[in-house]
$ cat run.cif   # mmCIF, C-alpha atoms and all ligand atoms
data_structure
#
loop_
_atom_site.group_PDB
_atom_site.id
_atom_site.type_symbol
_atom_site.label_atom_id
_atom_site.label_comp_id
_atom_site.auth_asym_id
_atom_site.auth_seq_id
_atom_site.Cartn_x
_atom_site.Cartn_y
_atom_site.Cartn_z
ATOM 1 C CA MET L 537 1.563 30.226 -14.726
ATOM 2 C CA SER L 538 -0.253 26.971 -14.082
ATOM 3 C CA THR L 539 -3.671 28.323 -15.015
ATOM 4 C CA ALA L 540 -2.676 28.936 -18.641
ATOM 5 C CA LYS L 541 -2.749 25.303 -19.657
ATOM 6 C CA LYS L 542 -6.555 25.086 -19.772
ATOM 7 C CA GLU L 543 -6.583 27.548 -22.700
ATOM 8 C CA TYR L 544 -4.818 25.003 -24.872
ATOM 9 C CA LYS L 545 -5.698 21.746 -26.514
ATOM 10 C CA ARG L 546 -3.337 18.813 -26.216
ATOM 11 C CA VAL L 547 -0.301 18.945 -28.464
ATOM 12 C CA THR L 548 -0.346 16.159 -31.065
ATOM 13 C CA VAL L 549 2.121 14.989 -33.680
ATOM 14 C CA LYS L 550 -0.114 16.719 -36.223
ATOM 15 C CA SER L 551 -0.037 20.048 -34.361
ATOM 16 C CA LEU L 552 3.774 19.972 -34.460
ATOM 17 C CA VAL L 553 3.810 19.560 -38.246
ATOM 18 C CA ASP L 554 1.223 22.379 -38.467
ATOM 19 C CA MET L 555 3.436 24.589 -36.281
ATOM 20 C CA LYS L 556 6.283 24.160 -38.755
ATOM 21 C CA LYS L 557 3.931 25.020 -41.626
ATOM 22 C CA ASN L 558 2.834 28.189 -39.791
ATOM 23 C CA GLY L 559 6.371 29.196 -38.849
ATOM 24 C CA GLU L 560 5.763 28.794 -35.098
ATOM 25 C CA LYS L 561 8.864 27.496 -33.327
ATOM 26 C CA ILE L 562 8.460 24.348 -31.211
ATOM 27 C CA SER L 563 9.665 24.221 -27.587
ATOM 28 C CA MET L 564 10.820 20.907 -26.163
ATOM 29 C CA LEU L 565 12.417 20.043 -22.813
ATOM 30 C CA THR L 566 13.263 16.858 -20.985
ATOM 31 C CA ALA L 567 11.616 15.668 -17.770
ATOM 32 C CA TYR L 568 12.060 12.384 -15.962
ATOM 33 C CA ASP L 569 9.779 12.604 -12.929
ATOM 34 C CA TYR L 570 6.287 13.704 -11.872
ATOM 35 C CA SER L 571 7.121 16.945 -10.024
ATOM 36 C CA MET L 572 9.357 18.355 -12.749
ATOM 37 C CA ALA L 573 6.984 17.296 -15.543
ATOM 38 C CA LYS L 574 4.123 19.095 -13.754
ATOM 39 C CA ILE L 575 6.082 22.369 -13.819
ATOM 40 C CA VAL L 576 7.293 21.912 -17.402
ATOM 41 C CA ASP L 577 3.809 21.076 -18.689
ATOM 42 C CA SER L 578 2.210 23.961 -16.794
ATOM 43 C CA ALA L 579 4.676 26.356 -18.441
ATOM 44 C CA ASN L 580 3.275 25.321 -21.845
ATOM 45 C CA VAL L 581 6.284 23.491 -23.246
ATOM 46 C CA ASP L 582 5.046 21.805 -26.439
ATOM 47 C CA VAL L 583 6.958 18.528 -26.217
ATOM 48 C CA ILE L 584 8.325 16.745 -23.155
ATOM 49 C CA LEU L 585 11.125 14.294 -23.873
ATOM 50 C CA VAL L 586 11.719 11.495 -21.417
ATOM 51 C CA GLY L 587 15.316 11.325 -22.596
ATOM 52 C CA ASP L 588 17.777 8.539 -22.004
ATOM 53 C CA SER L 589 19.854 11.443 -20.617
ATOM 54 C CA ALA L 590 18.115 10.243 -17.439
ATOM 55 C CA SER L 591 21.042 7.813 -17.381
ATOM 56 C CA ASN L 592 23.366 10.791 -16.777
ATOM 57 C CA VAL L 593 21.131 13.248 -14.969
ATOM 58 C CA MET L 594 19.039 10.928 -12.786
ATOM 59 C CA ALA L 595 21.326 7.928 -12.285
ATOM 60 C CA GLY L 596 24.791 9.495 -12.485
ATOM 61 C CA HIS L 597 26.172 7.324 -15.282
ATOM 62 C CA GLU L 598 28.820 8.746 -17.584
ATOM 63 C CA THR L 599 26.908 7.829 -20.750
ATOM 64 C CA THR L 600 23.351 7.030 -21.828
ATOM 65 C CA LEU L 601 24.227 3.388 -22.519
ATOM 66 C CA PRO L 602 23.446 1.773 -19.134
ATOM 67 C CA ILE L 603 19.810 2.860 -18.706
ATOM 68 C CA THR L 604 17.347 0.008 -19.229
ATOM 69 C CA LEU L 605 13.959 -0.202 -20.917
ATOM 70 C CA ASP L 606 12.316 -0.873 -17.525
ATOM 71 C CA GLN L 607 13.937 2.243 -16.073
ATOM 72 C CA MET L 608 12.835 4.366 -19.053
ATOM 73 C CA ILE L 609 9.271 3.090 -18.614
ATOM 74 C CA TYR L 610 9.360 4.011 -14.904
ATOM 75 C CA HIS L 611 10.446 7.572 -15.746
ATOM 76 C CA ALA L 612 7.924 7.865 -18.596
ATOM 77 C CA ALA L 613 4.988 6.646 -16.491
ATOM 78 C CA SER L 614 5.850 9.221 -13.793
ATOM 79 C CA VAL L 615 5.948 12.000 -16.400
ATOM 80 C CA ILE L 616 2.700 10.898 -18.038
ATOM 81 C CA ARG L 617 0.864 11.129 -14.689
ATOM 82 C CA ALA L 618 1.771 14.842 -14.539
ATOM 83 C CA VAL L 619 1.056 15.967 -18.084
ATOM 84 C CA ASP L 620 -2.187 17.541 -19.364
ATOM 85 C CA ARG L 621 -1.013 19.348 -22.489
ATOM 86 C CA ALA L 622 2.436 18.441 -23.860
ATOM 87 C CA LEU L 623 3.202 15.644 -26.282
ATOM 88 C CA VAL L 624 5.330 13.107 -24.395
ATOM 89 C CA VAL L 625 8.118 11.426 -26.398
ATOM 90 C CA VAL L 626 10.248 8.650 -24.890
ATOM 91 C CA ASP L 627 13.769 7.612 -25.944
ATOM 92 C CA ILE L 628 14.104 3.908 -26.681
ATOM 93 C CA PRO L 629 17.293 3.103 -24.763
ATOM 94 C CA PHE L 630 20.506 1.578 -26.108
ATOM 95 C CA GLY L 631 20.217 -2.172 -26.580
ATOM 96 C CA SER L 632 16.433 -2.314 -26.898
ATOM 97 C CA TYR L 633 16.121 -1.706 -30.647
ATOM 98 C CA GLN L 634 19.427 -2.282 -32.437
ATOM 99 C CA SER L 635 19.327 -6.102 -32.583
ATOM 100 C CA ASP L 636 16.383 -6.446 -34.957
ATOM 101 C CA PRO L 637 13.171 -4.691 -36.024
ATOM 102 C CA LYS L 638 10.964 -7.060 -34.022
ATOM 103 C CA GLU L 639 12.846 -6.227 -30.833
ATOM 104 C CA ALA L 640 12.502 -2.544 -31.707
ATOM 105 C CA LEU L 641 8.731 -2.879 -32.095
ATOM 106 C CA ARG L 642 8.428 -4.902 -28.873
ATOM 107 C CA SER L 643 10.309 -2.174 -26.969
ATOM 108 C CA ALA L 644 8.194 0.592 -28.499
ATOM 109 C CA ILE L 645 4.995 -1.292 -27.619
ATOM 110 C CA ARG L 646 6.160 -1.802 -24.023
ATOM 111 C CA ILE L 647 6.839 1.936 -23.698
ATOM 112 C CA MET L 648 3.418 2.888 -25.119
ATOM 113 C CA LYS L 649 1.481 0.269 -23.164
ATOM 114 C CA GLU L 650 3.214 0.459 -19.799
ATOM 115 C CA SER L 651 3.834 4.232 -19.572
ATOM 116 C CA GLY L 652 1.044 5.792 -21.626
ATOM 117 C CA ALA L 653 3.536 7.818 -23.681
ATOM 118 C CA HIS L 654 2.515 9.381 -26.994
ATOM 119 C CA ALA L 655 5.563 8.662 -29.181
ATOM 120 C CA VAL L 656 9.061 7.170 -29.200
ATOM 121 C CA LYS L 657 12.461 8.431 -30.367
ATOM 122 C CA LEU L 658 15.326 6.359 -31.807
ATOM 123 C CA GLU L 659 18.862 7.380 -32.804
ATOM 124 C CA GLY L 660 20.099 6.835 -36.355
ATOM 125 C CA GLY L 661 19.163 6.943 -40.026
ATOM 126 C CA VAL L 662 19.301 4.263 -42.715
ATOM 127 C CA GLU L 663 20.745 1.763 -40.195
ATOM 128 C CA ILE L 664 17.424 1.623 -38.330
ATOM 129 C CA LYS L 665 15.152 1.960 -41.368
ATOM 130 C CA GLU L 666 13.367 -1.406 -40.911
ATOM 131 C CA SER L 667 12.803 -0.790 -37.199
ATOM 132 C CA VAL L 668 11.315 2.648 -37.814
ATOM 133 C CA LYS L 669 9.002 1.168 -40.483
ATOM 134 C CA ARG L 670 7.793 -1.572 -38.183
ATOM 135 C CA ILE L 671 7.087 0.761 -35.276
ATOM 136 C CA LEU L 672 5.239 3.195 -37.545
ATOM 137 C CA ASN L 673 3.232 0.299 -39.027
ATOM 138 C CA ALA L 674 1.979 -0.472 -35.520
ATOM 139 C CA GLY L 675 0.590 3.055 -35.302
ATOM 140 C CA ILE L 676 3.252 4.371 -32.952
ATOM 141 C CA PRO L 677 4.573 7.866 -33.832
ATOM 142 C CA VAL L 678 8.353 7.986 -34.256
ATOM 143 C CA MET L 679 10.786 10.876 -33.849
ATOM 144 C CA GLY L 680 14.250 10.553 -35.396
ATOM 145 C CA HIS L 681 17.571 11.728 -33.931
ATOM 146 C CA LEU L 682 20.582 12.530 -36.157
ATOM 147 C CA GLY L 683 23.961 14.209 -35.761
ATOM 148 C CA LEU L 684 25.497 13.661 -32.333
ATOM 149 C CA THR L 685 23.861 10.409 -31.265
ATOM 150 C CA PRO L 686 25.047 9.738 -27.699
ATOM 151 C CA GLN L 687 24.225 6.008 -27.823
ATOM 152 C CA SER L 688 27.072 5.689 -30.379
ATOM 153 C CA ILE L 689 29.592 7.680 -28.330
ATOM 154 C CA TYR L 690 32.139 4.843 -28.222
ATOM 155 C CA LYS L 691 32.147 4.651 -32.029
ATOM 156 C CA PHE L 692 33.213 8.311 -32.218
ATOM 157 C CA GLY L 693 35.056 8.775 -28.934
ATOM 158 C CA THR L 694 34.158 12.469 -28.573
ATOM 159 C CA TYR L 695 31.174 14.811 -28.292
ATOM 160 C CA THR L 696 32.531 17.185 -30.975
ATOM 161 C CA VAL L 697 30.360 18.811 -33.666
ATOM 162 C CA ARG L 698 29.071 16.237 -36.180
ATOM 163 C CA ALA L 699 28.673 16.356 -39.974
ATOM 164 C CA LYS L 700 31.257 19.085 -40.598
ATOM 165 C CA GLU L 701 32.657 17.149 -43.560
ATOM 166 C CA GLU L 702 30.779 17.199 -46.847
ATOM 167 C CA GLU L 703 30.327 13.427 -46.928
ATOM 168 C CA GLU L 704 28.827 13.207 -43.423
ATOM 169 C CA ALA L 705 26.612 16.206 -44.169
ATOM 170 C CA GLU L 706 25.301 14.459 -47.284
ATOM 171 C CA LYS L 707 24.585 11.283 -45.325
ATOM 172 C CA LEU L 708 22.741 13.271 -42.662
ATOM 173 C CA MET L 709 20.620 14.965 -45.359
ATOM 174 C CA GLU L 710 19.818 11.564 -46.908
ATOM 175 C CA ASP L 711 18.932 10.144 -43.477
ATOM 176 C CA ALA L 712 16.637 13.102 -42.745
ATOM 177 C CA LYS L 713 14.825 12.670 -46.067
ATOM 178 C CA LEU L 714 14.510 8.933 -45.440
ATOM 179 C CA LEU L 715 13.031 9.447 -41.951
ATOM 180 C CA GLU L 716 10.544 11.905 -43.447
ATOM 181 C CA LYS L 717 9.621 9.451 -46.229
ATOM 182 C CA LEU L 718 9.132 6.620 -43.729
ATOM 183 C CA GLY L 719 6.636 8.782 -41.818
ATOM 184 C CA CYS L 720 8.471 10.161 -38.779
ATOM 185 C CA PHE L 721 6.793 13.271 -37.321
ATOM 186 C CA GLY L 722 10.011 15.095 -36.430
ATOM 187 C CA ILE L 723 13.785 14.799 -36.148
ATOM 188 C CA VAL L 724 16.182 15.914 -33.404
ATOM 189 C CA LEU L 725 19.379 17.406 -34.869
ATOM 190 C CA GLU L 726 22.123 17.364 -32.248
ATOM 191 C CA LYS L 727 25.348 19.397 -32.405
ATOM 192 C CA ILE L 728 25.668 19.979 -36.172
ATOM 193 C CA PRO L 729 26.570 23.180 -38.082
ATOM 194 C CA ALA L 730 23.780 25.772 -38.260
ATOM 195 C CA ASP L 731 23.894 25.937 -42.064
ATOM 196 C CA LEU L 732 23.330 22.180 -42.316
ATOM 197 C CA THR L 733 20.345 22.460 -39.967
ATOM 198 C CA LYS L 734 19.019 25.195 -42.271
ATOM 199 C CA LYS L 735 19.411 23.047 -45.407
ATOM 200 C CA VAL L 736 17.798 20.018 -43.770
ATOM 201 C CA SER L 737 14.927 22.040 -42.309
ATOM 202 C CA GLU L 738 14.200 23.585 -45.727
ATOM 203 C CA SER L 739 14.353 20.186 -47.453
ATOM 204 C CA ILE L 740 11.776 18.327 -45.359
ATOM 205 C CA SER L 741 8.220 19.115 -44.273
ATOM 206 C CA ILE L 742 8.452 17.551 -40.789
ATOM 207 C CA PRO L 743 9.901 19.700 -37.977
ATOM 208 C CA THR L 744 13.553 19.602 -36.982
ATOM 209 C CA ILE L 745 14.291 20.105 -33.280
ATOM 210 C CA GLY L 746 17.794 21.347 -32.567
ATOM 211 C CA ILE L 747 20.119 20.917 -29.609
ATOM 212 C CA GLY L 748 23.320 22.654 -30.618
ATOM 213 C CA GLY L 749 21.857 22.748 -34.130
ATOM 214 C CA GLY L 750 21.488 26.528 -34.322
ATOM 215 C CA LYS L 751 18.727 29.019 -35.005
ATOM 216 C CA TYR L 752 17.297 27.518 -38.183
ATOM 217 C CA ALA L 753 15.816 24.428 -36.548
ATOM 218 C CA ASP L 754 12.010 24.394 -36.357
ATOM 219 C CA GLY L 755 12.248 23.922 -32.602
ATOM 220 C CA GLN L 756 14.724 23.666 -29.732
ATOM 221 C CA VAL L 757 15.296 21.076 -27.024
ATOM 222 C CA LEU L 758 17.402 21.204 -23.851
ATOM 223 C CA VAL L 759 17.854 18.979 -20.830
ATOM 224 C CA ILE L 760 15.812 20.650 -18.059
ATOM 225 C CA HIS L 761 18.596 20.293 -15.470
ATOM 226 C CA ASP L 762 20.964 22.165 -17.819
ATOM 227 C CA LEU L 763 18.496 25.037 -18.404
ATOM 228 C CA LEU L 764 17.966 25.367 -14.645
ATOM 229 C CA GLY L 765 21.693 25.309 -13.920
ATOM 230 C CA MET L 766 21.564 22.147 -11.813
ATOM 231 C CA THR L 767 24.286 20.482 -13.913
ATOM 232 C CA HIS L 768 27.056 22.983 -13.232
ATOM 233 C CA GLU L 769 29.867 21.017 -14.878
ATOM 234 C CA PHE L 770 28.165 20.656 -18.291
ATOM 235 C CA ASN L 771 29.095 23.721 -20.350
ATOM 236 C CA PRO L 772 28.685 23.244 -24.115
ATOM 237 C CA ARG L 773 28.334 26.440 -26.161
ATOM 238 C CA PHE L 774 24.731 25.668 -27.122
ATOM 239 C CA LEU L 775 23.530 25.702 -23.513
ATOM 240 C CA ARG L 776 21.734 28.803 -22.216
ATOM 241 C CA ARG L 777 21.255 28.653 -18.448
ATOM 242 C CA TYR L 778 18.161 30.456 -17.160
ATOM 243 C CA MET L 779 18.964 29.865 -13.485
ATOM 244 C CA ASN L 780 21.831 28.780 -11.285
ATOM 245 C CA LEU L 781 19.931 26.250 -9.242
ATOM 246 C CA TYR L 782 23.046 24.307 -8.256
ATOM 247 C CA GLU L 783 24.164 27.325 -6.216
ATOM 248 C CA ASP L 784 20.706 28.438 -5.086
ATOM 249 C CA MET L 785 19.671 24.984 -3.911
ATOM 250 C CA GLY L 786 22.995 24.515 -2.175
ATOM 251 C CA LYS L 787 22.475 27.812 -0.352
ATOM 252 C CA ALA L 788 18.921 26.903 0.705
ATOM 253 C CA ILE L 789 20.031 23.513 1.952
ATOM 254 C CA SER L 790 22.975 24.862 3.945
ATOM 255 C CA ASP L 791 20.644 27.480 5.471
ATOM 256 C CA TYR L 792 18.405 24.604 6.599
ATOM 257 C CA VAL L 793 21.370 22.705 8.045
ATOM 258 C CA SER L 794 22.511 25.807 9.880
ATOM 259 C CA ASP L 795 18.982 26.497 11.249
ATOM 260 C CA VAL L 796 18.757 22.933 12.581
ATOM 261 C CA LYS L 797 22.196 23.180 14.175
ATOM 262 C CA LYS L 798 21.342 26.594 15.699
ATOM 263 C CA LYS L 799 18.053 25.179 17.032
ATOM 264 C CA ASP L 800 16.309 27.909 15.006
ATOM 265 C CA PHE L 801 14.214 25.343 13.133
ATOM 266 C CA PRO L 802 11.550 24.417 14.031
ATOM 267 C CA SER L 803 10.191 27.531 15.731
ATOM 268 C CA ASP L 804 7.248 27.627 18.164
ATOM 269 C CA ASP L 805 4.926 28.204 15.176
ATOM 270 C CA GLU L 806 6.278 25.222 13.307
ATOM 271 C CA GLN L 807 5.305 22.597 15.845
ATOM 272 C CA TYR L 808 2.160 21.060 17.368
HETATM 273 N N1 LIG L 901 22.976 16.978 -18.810
HETATM 274 C C1 LIG L 901 22.932 16.511 -20.064
HETATM 275 N N2 LIG L 901 22.639 17.354 -21.063
HETATM 276 C C2 LIG L 901 22.576 16.919 -22.350
HETATM 277 O O1 LIG L 901 22.300 17.734 -23.258
HETATM 278 C C3 LIG L 901 22.794 15.534 -22.616
HETATM 279 C C4 LIG L 901 23.080 14.686 -21.537
HETATM 280 N N3 LIG L 901 23.149 15.191 -20.272
HETATM 281 N N4 LIG L 901 23.294 13.356 -21.703
HETATM 282 C C5 LIG L 901 23.014 12.760 -22.993
HETATM 283 C C6 LIG L 901 23.336 13.659 -24.093
HETATM 284 C C7 LIG L 901 24.813 13.898 -24.302
HETATM 285 N N5 LIG L 901 24.797 15.205 -24.909
HETATM 286 C C8 LIG L 901 25.931 15.988 -25.107
HETATM 287 C C9 LIG L 901 27.120 15.672 -24.503
HETATM 288 C C10 LIG L 901 28.224 16.482 -24.654
HETATM 289 C C11 LIG L 901 28.128 17.616 -25.437
HETATM 290 C C12 LIG L 901 29.292 18.524 -25.576
HETATM 291 O O2 LIG L 901 29.274 19.449 -26.356
HETATM 292 N N6 LIG L 901 30.346 18.288 -24.737
HETATM 293 C C13 LIG L 901 31.551 19.036 -24.539
HETATM 294 C C14 LIG L 901 32.332 19.248 -25.755
HETATM 295 C C15 LIG L 901 33.185 18.055 -26.007
HETATM 296 C C16 LIG L 901 34.030 18.174 -27.228
HETATM 297 O O3 LIG L 901 34.008 19.191 -27.919
HETATM 298 O O4 LIG L 901 34.737 17.200 -27.489
HETATM 299 C C17 LIG L 901 31.281 20.358 -23.799
HETATM 300 O O5 LIG L 901 31.631 21.441 -24.273
HETATM 301 O O6 LIG L 901 30.693 20.247 -22.697
HETATM 302 C C18 LIG L 901 26.935 17.932 -26.045
HETATM 303 C C19 LIG L 901 25.852 17.127 -25.880
HETATM 304 C C20 LIG L 901 23.466 15.734 -24.951
HETATM 305 N N7 LIG L 901 22.786 14.996 -23.911
HETATM 306 C C1 LIG L 902 19.299 15.672 -25.606
HETATM 307 C C2 LIG L 902 18.024 15.023 -26.049
HETATM 308 C C3 LIG L 902 17.721 15.287 -27.479
HETATM 309 C C4 LIG L 902 18.032 13.548 -25.741
HETATM 310 O O1 LIG L 902 18.029 12.689 -26.586
HETATM 311 C C5 LIG L 902 18.031 13.167 -24.327
HETATM 312 O O2 LIG L 902 17.816 14.017 -23.454
HETATM 313 O O3 LIG L 902 18.227 11.972 -24.059
HETATM 314 MG MG MG L 903 18.514 10.770 -25.814
#

$ encode --input "run.cif" --output "structure tokens"
Amino acid sequence: MSTAKKEYKRVTVKSLVDMKKNGEKISMLTAYDYSMAKIVDSANVDVILVGDSASNVMAGHETTLPITLDQMIYHAASVIRAVDRALVVVDIPFGSYQSDPKEALRSAIRIMKESGAHAVKLEGGVEIKESVKRILNAGIPVMGHLGLTPQSIYKFGTYTVRAKEEEEAEKLMEDAKLLEKLGCFGIVLEKIPADLTKKVSESISIPTIGIGGGKYADGQVLVIHDLLGMTHEFNPRFLRRYMNLYEDMGKAISDYVSDVKKKDFPSDDEQY
């Protein structure tokens, strides 16, 4: 598994756009720490997202709002140290880009400079137009994120499917075209109807990456802990679990506890 990576060149923002052109689907997963990123990168995932979902998965917060820019940089720097092949994209966290475009650029620069990341991701469309422009003008690649945007959860109140109404669907299409025009290299489409993902993906030349966006997206993204079955209480329809690590890890750990209690561990061979 880990030997395969040497066959490949580094993934770049350009290779992702080329993959869309060639009809090759893009794989993207989150990682927040060195050990996990090492495994994800070695398995040839194209894009690693240091998501602000770290706020939920790593820190135990209910939403993505509390995580700070410093904390995101810490996670991103750990991931960067592990990665040889994947493109590493980092979420700019809530509160570090919404105030004004200069703040947005300062946050993006801090992420690039202090973590070594390759690109940043921001949530929203026309509302963040000036910020996206400014970051792109500084030579920093930007990924968009439309549909269910968790940093705005309190505006909506629920995590239900977005853009089901005609008007919202039209706005999302406009936002996607705008992000493409500004120069973004890709757009995450979260929890929107599959037919809207299809229309958007056919209308723009940059790749769409779906999470609950259906089969017509140019790529897919999941939170690594969800895929591995570590988050056993998170059960949206779009999630395919490839393991049940919550149970398996629990079993391994209780076996260890029991071995210690039984004085079975360590054995004669496991000591000096
Ligand atoms: N572990 C984890 N996985 C994620 O995909 C993820 C996070 N955390 N944290 C940040 C955001 C939040 N995301 C979410 C959150 C909820 C749903 C969702 O579908 N929730 C409910 C349905 C709620 C409703 O219909 O009102 C569910 O079925 O679990 C989807 C994506 C995606 N991101
Ligand atoms: C779910 C993905 C797209 C994300 O933004 C995150 O993990 O923070
Ligand atoms: Mg995010």

$ residues_near_ligand --input "run.cif" --ligand "ligand LIG 902 (chain L)" --cutoff "7 Å" --atoms "only C-alpha atoms and all ligand atoms" --output "ChimeraX atom specification"
/L:566,585-590,627,724,726,747,757-759

$ residues_around --input "run.cif" --residues "Val625 (chain L)" --least-positions-apart "6" --cutoff "12 Å" --atoms "only C-alpha atoms" --output "JSON, numbers by chain"
{"L": [547, 548, 549, 564, 565, 566, 567, 568, 582, 583, 584, 585, 586, 587, 588, 608, 609, 611, 612, 613, 615, 616, 619, 644, 647, 648, 651, 652, 653, 654, 655, 656, 657, 658, 676, 677, 678, 679, 680, 721, 722, 723, 724]}

$ atom_distance --input "run.cif" --atom1 "CA of Glu639 (chain L)" --atom2 "CA of Val668 (chain L)"
11.4 Å

$ closest_residue --input "run.cif" --among "L:Gly755, L:Ala622, L:Glu666, L:Gln687" --to "Val581 (chain L)" --atoms "all atoms listed in the file"
L:Ala622

$ atom_distance --input "run.cif" --atom1 "CA of Gly765 (chain L)" --atom2 "CA of Ser737 (chain L)"
29.4 Å

$ closest_residue --input "run.cif" --among "L:Lys707, L:His681, L:His761, L:Arg546" --to "Ile745 (chain L)" --atoms "only C-alpha atoms"
L:His681
